[in-house]
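Report on one structure; see the data block that follows.
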Amino acid sequence: MDTVTVNGITMAYEDRGQGNTVVLLHGFCGSSAYWEIVQPLLTQSYRVIIPDLRGHGSTDAPIGAYTIDQMADDVAQLLESLGVAKYSVLGHSMGGYVALSMAERYPDRLSGFGLVHSTAYPDSDEAKEKRVQAVANIAASGITPFVDGLVPGLFAEGMRNTKEKYVNRAIEIGYGTPPHGASGAALAMRDRVDRRGILSSTSFPVLLVAGENDGVVPKERTFTAEGDHITQVVIEGAGHMSMYEAPEELVKAINDFMSRT
């Protein structure tokens, strides 16, 4: 991976392929490795840039709470440093919250954006309490038991046995998350704002991808807007991790979306 200093941190990223640029943002306790199956399929047609978000993977993990806007600024500065003037950004789960921030705050730089198993809703009060409990659990017991409890539930129940090696791979990636990075990101998600209005008001092409059996972000929380500029895709059988559960179907959705940007 390459690195660059942006927004006060050293950020790790991969930059592969040629053509129109698509930026892929991973979810909580993930890393750029989440896209390891999808990336080579997309680089046949596009320039694909995949960072490790603040607090994750090989990117710096400052101590303290992060914000979603701060994470979006990291990504925007990365792309500016690479001289990329226009790009589409697709975010998985937490990465979708970052993509929404970029769509709202850097509209002149985007040619399209999308949510993959993500939502424009803010956290509910119950979800906010769970974020705080997650921080407490990580502080008390470390990242390993937290990831062990988190990752299997990201996969559809029917996939946990048939895709067991990918469940284990996602767990392995999660173990690489610095504990204070996971805590900082959890607090960023807790404090994020409602951005449903961005989906309906934007003039960009928008891709919304939901897993048929996603127990984390059900499709009704992903499909919160409609319009000629919005494409809604349900990936049959998938849970919250279609990049591992059904990568070919996800790539088809991305290819169709990129053809409109």
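Chain identifiers are assigned as A, B, and so on, following the order in which chains appear in the structure tokens; residues are numbered from 1 within each chain, and ligands are numbered from 1 in order of appearance.
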Pick out the residues sitting within 9 Å of Ile173 of chain A, and hand them over as a short mmCIF file (atom, residue, chain, number, x, y, z; two decimals) with N, CA, C and O atoms, in the first residue's frame; count only C-alpha atoms, and ignore anything fewer than 6 positions along from it in its own chain.
```cif
data_model
loop_
_atom_site.label_atom_id
_atom_site.label_comp_id
_atom_site.auth_asym_id
_atom_site.auth_seq_id
_atom_site.Cartn_x
_atom_site.Cartn_y
_atom_site.Cartn_z
N CYS A 29 -14.51 -1.40 11.53
CA CYS A 29 -13.63 -2.54 11.82
C CYS A 29 -13.28 -3.35 10.57
O CYS A 29 -13.01 -4.55 10.65
N GLY A 30 -13.29 -2.65 9.43
CA GLY A 30 -12.82 -3.23 8.19
C GLY A 30 -11.55 -2.53 7.76
O GLY A 30 -10.86 -1.89 8.55
N SER A 31 -11.23 -2.67 6.48
CA SER A 31 -10.10 -1.95 5.89
C SER A 31 -10.26 -2.02 4.38
O SER A 31 -11.24 -2.59 3.87
N ALA A 33 -8.92 -3.95 2.59
CA ALA A 33 -8.94 -5.37 2.23
C ALA A 33 -10.35 -5.91 2.04
O ALA A 33 -10.53 -6.94 1.38
N TYR A 34 -11.35 -5.24 2.59
CA TYR A 34 -12.74 -5.67 2.37
C TYR A 34 -13.07 -5.76 0.88
O TYR A 34 -13.97 -6.51 0.49
N GLY A 57 -7.08 -0.26 9.61
CA GLY A 57 -6.04 -0.78 8.74
C GLY A 57 -4.68 -0.19 9.06
O GLY A 57 -4.25 -0.12 10.21
#
```
List every residue of segment 86-137 of chain A that DSSP, applied to the backbone of this structure, assigns to strand (DSSP E or B), and report them as a ChimeraX atom specification.
-> /A:87-92,110-116
For the residues in the current selection, export N, CA and C atoms as a PDB file, in the first residue's frame.
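The resulting file, again.pdb, is reproduced below:
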```pdb
ATOM      1  N   TYR A  87     -14.541  12.201  -9.286  1.00  0.00           N
ATOM      2  CA  TYR A  87     -14.595  10.786  -8.932  1.00  0.00           C
ATOM      3  C   TYR A  87     -15.983  10.446  -8.411  1.00  0.00           C
ATOM      4  N   SER A  88     -16.286   9.162  -8.460  1.00  0.00           N
ATOM      5  CA  SER A  88     -17.474   8.627  -7.798  1.00  0.00           C
ATOM      6  C   SER A  88     -17.018   7.950  -6.512  1.00  0.00           C
ATOM      7  N   VAL A  89     -17.832   8.046  -5.479  1.00  0.00           N
ATOM      8  CA  VAL A  89     -17.461   7.457  -4.193  1.00  0.00           C
ATOM      9  C   VAL A  89     -18.593   6.556  -3.713  1.00  0.00           C
ATOM     10  N   LEU A  90     -18.229   5.333  -3.366  1.00  0.00           N
ATOM     11  CA  LEU A  90     -19.185   4.333  -2.877  1.00  0.00           C
ATOM     12  C   LEU A  90     -18.729   3.867  -1.505  1.00  0.00           C
ATOM     13  N   GLY A  91     -19.612   3.937  -0.536  1.00  0.00           N
ATOM     14  CA  GLY A  91     -19.239   3.583   0.821  1.00  0.00           C
ATOM     15  C   GLY A  91     -20.054   2.438   1.385  1.00  0.00           C
ATOM     16  N   HIS A  92     -19.345   1.485   1.978  1.00  0.00           N
ATOM     17  CA  HIS A  92     -19.990   0.357   2.646  1.00  0.00           C
ATOM     18  C   HIS A  92     -20.222   0.702   4.116  1.00  0.00           C
ATOM     19  N   LEU A 110     -17.483  15.473  -7.040  1.00  0.00           N
ATOM     20  CA  LEU A 110     -18.091  14.169  -7.283  1.00  0.00           C
ATOM     21  C   LEU A 110     -18.801  14.112  -8.637  1.00  0.00           C
ATOM     22  N   SER A 111     -18.806  12.915  -9.212  1.00  0.00           N
ATOM     23  CA  SER A 111     -19.624  12.657 -10.396  1.00  0.00           C
ATOM     24  C   SER A 111     -20.747  11.672 -10.076  1.00  0.00           C
ATOM     25  N   GLY A 112     -20.734  11.135  -8.860  1.00  0.00           N
ATOM     26  CA  GLY A 112     -21.786  10.234  -8.395  1.00  0.00           C
ATOM     27  C   GLY A 112     -21.383   9.664  -7.050  1.00  0.00           C
ATOM     28  N   PHE A 113     -22.359   9.084  -6.338  1.00  0.00           N
ATOM     29  CA  PHE A 113     -22.024   8.454  -5.057  1.00  0.00           C
ATOM     30  C   PHE A 113     -23.042   7.366  -4.749  1.00  0.00           C
ATOM     31  N   GLY A 114     -22.695   6.529  -3.787  1.00  0.00           N
ATOM     32  CA  GLY A 114     -23.607   5.439  -3.460  1.00  0.00           C
ATOM     33  C   GLY A 114     -23.394   4.884  -2.069  1.00  0.00           C
ATOM     34  N   LEU A 115     -24.423   4.219  -1.584  1.00  0.00           N
ATOM     35  CA  LEU A 115     -24.410   3.545  -0.292  1.00  0.00           C
ATOM     36  C   LEU A 115     -24.513   2.043  -0.521  1.00  0.00           C
ATOM     37  N   VAL A 116     -23.614   1.302   0.071  1.00  0.00           N
ATOM     38  CA  VAL A 116     -23.617  -0.160  -0.011  1.00  0.00           C
ATOM     39  C   VAL A 116     -23.879  -0.687   1.396  1.00  0.00           C
TER      40      VAL A 116
END
```
Provide the atom CA of Trp35 of chain A to atom CA of Gly64 of chain A distance in Å, to one decimal place.
->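 We find that atom CA of Trp35 of chain A and atom CA of Gly64 of chain A lie 27.1 Å from each other.
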Test item: residues at most 10 Å from Arg105 of chain A, only C-alpha atoms, excluding those fewer than 5 positions along its chain, as a ChimeraX atom specification = /A:69,72-73,76,99-100
File dump, residues just selected, C-alpha atoms, as a compact mmCIF listing (two decimals), in the first residue's frame:
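Below is the file again-v1.txt, written as the result:
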```
# COMPACT_ATOMS: atom_id res chain seq x y z
CA ASP A 69 -16.91 14.90 8.43
CA ALA A 72 -14.59 12.62 4.75
CA ASP A 73 -12.01 15.41 4.80
CA ALA A 76 -11.08 14.37 -0.02
CA ALA A 99 -19.66 9.18 1.25
CA LEU A 100 -22.78 11.14 2.23
```
What are the DSSP helix (DSSP H, G or I) residues of segment 34-255 of chain A, as a ChimeraX atom specification?
-> /A:34-35,38-42,68-81,94-105,125-141,143-154,159-162,164-175,179-190,196-201,219-222,242-245,247-255
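Distances from A:Val84, A:Ile68, A:Ile171, A:Ala127 to Gly149 of chain A were compared using only C-alpha atoms, and the smallest one belongs to A:Ile171.
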Pick out the closest residue to Thr119 of chain A from this set: A:Asp194, A:Glu80, A:Asp256, A:Glu172. Count only C-alpha atoms.
->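 For Thr119 of chain A, the nearest of the candidates is A:Asp194.
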Per-residue nearest contacts of segment 70-158 of chain A to segment 216-234 of chain A (7 Å; only C-alpha atoms) as CSV:
```
residue,atom,partner,partner_atom,distance
A:His117,CA,A:Val217,CA,6.1
A:Ser118,CA,A:Thr222,CA,5.9
A:Thr119,CA,A:Thr222,CA,4.7
A:Leu154,CA,A:Val216,CA,6.7
```
Those residues you just picked out, can you put them in a file as a PDB file, in the first residue's frame with C-alpha atoms?
```pdb
ATOM      1  CA  HIS A 117     -25.479  -1.673   2.955  1.00  0.00           C
ATOM      2  CA  SER A 118     -25.631   1.762   4.536  1.00  0.00           C
ATOM      3  CA  THR A 119     -28.187   4.427   5.420  1.00  0.00           C
ATOM      4  CA  LEU A 154     -22.690  -9.018   9.372  1.00  0.00           C
TER       5      LEU A 154
END
```
In Å, rounded to a single decimal, give me how far atom CA of Ser200 of chain A is from atom CA of Pro107 of chain A.
->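 Separating atom CA of Pro107 of chain A from atom CA of Ser200 of chain A is a distance of 14.1 Å.
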Using only C-alpha atoms, find the one residue out of A:Leu53, A:Ile37, A:Val147, A:Val23 that sits nearest to Lys86 of chain A.
->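 Distance minimum relative to Lys86 of chain A lands on A:Val23.
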All residues 12 Å or closer to Gly83 of chain A, only C-alpha atoms, same chain fewer than 6 positions away omitted, as a PDB file with N, CA and C atoms, in the first residue's frame:
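Output (result_4.pdb):
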```
ATOM      1  N   THR A  21     -12.550   7.398 -12.247  1.00  0.00           N
ATOM      2  CA  THR A  21     -12.146   7.007 -10.892  1.00  0.00           C
ATOM      3  C   THR A  21     -13.346   6.672 -10.021  1.00  0.00           C
ATOM      4  N   ALA A  76     -11.125  13.298   0.975  1.00  0.00           N
ATOM      5  CA  ALA A  76     -11.078  14.373  -0.016  1.00  0.00           C
ATOM      6  C   ALA A  76      -9.649  14.890  -0.197  1.00  0.00           C
ATOM      7  N   GLN A  77      -8.917  15.021   0.906  1.00  0.00           N
ATOM      8  CA  GLN A  77      -7.539  15.495   0.805  1.00  0.00           C
ATOM      9  C   GLN A  77      -6.634  14.455   0.146  1.00  0.00           C
ATOM     10  N   ARG A 109     -16.630  18.022  -6.593  1.00  0.00           N
ATOM     11  CA  ARG A 109     -15.608  17.015  -6.902  1.00  0.00           C
ATOM     12  C   ARG A 109     -16.210  15.671  -7.317  1.00  0.00           C
TER      13      ARG A 109
END
```
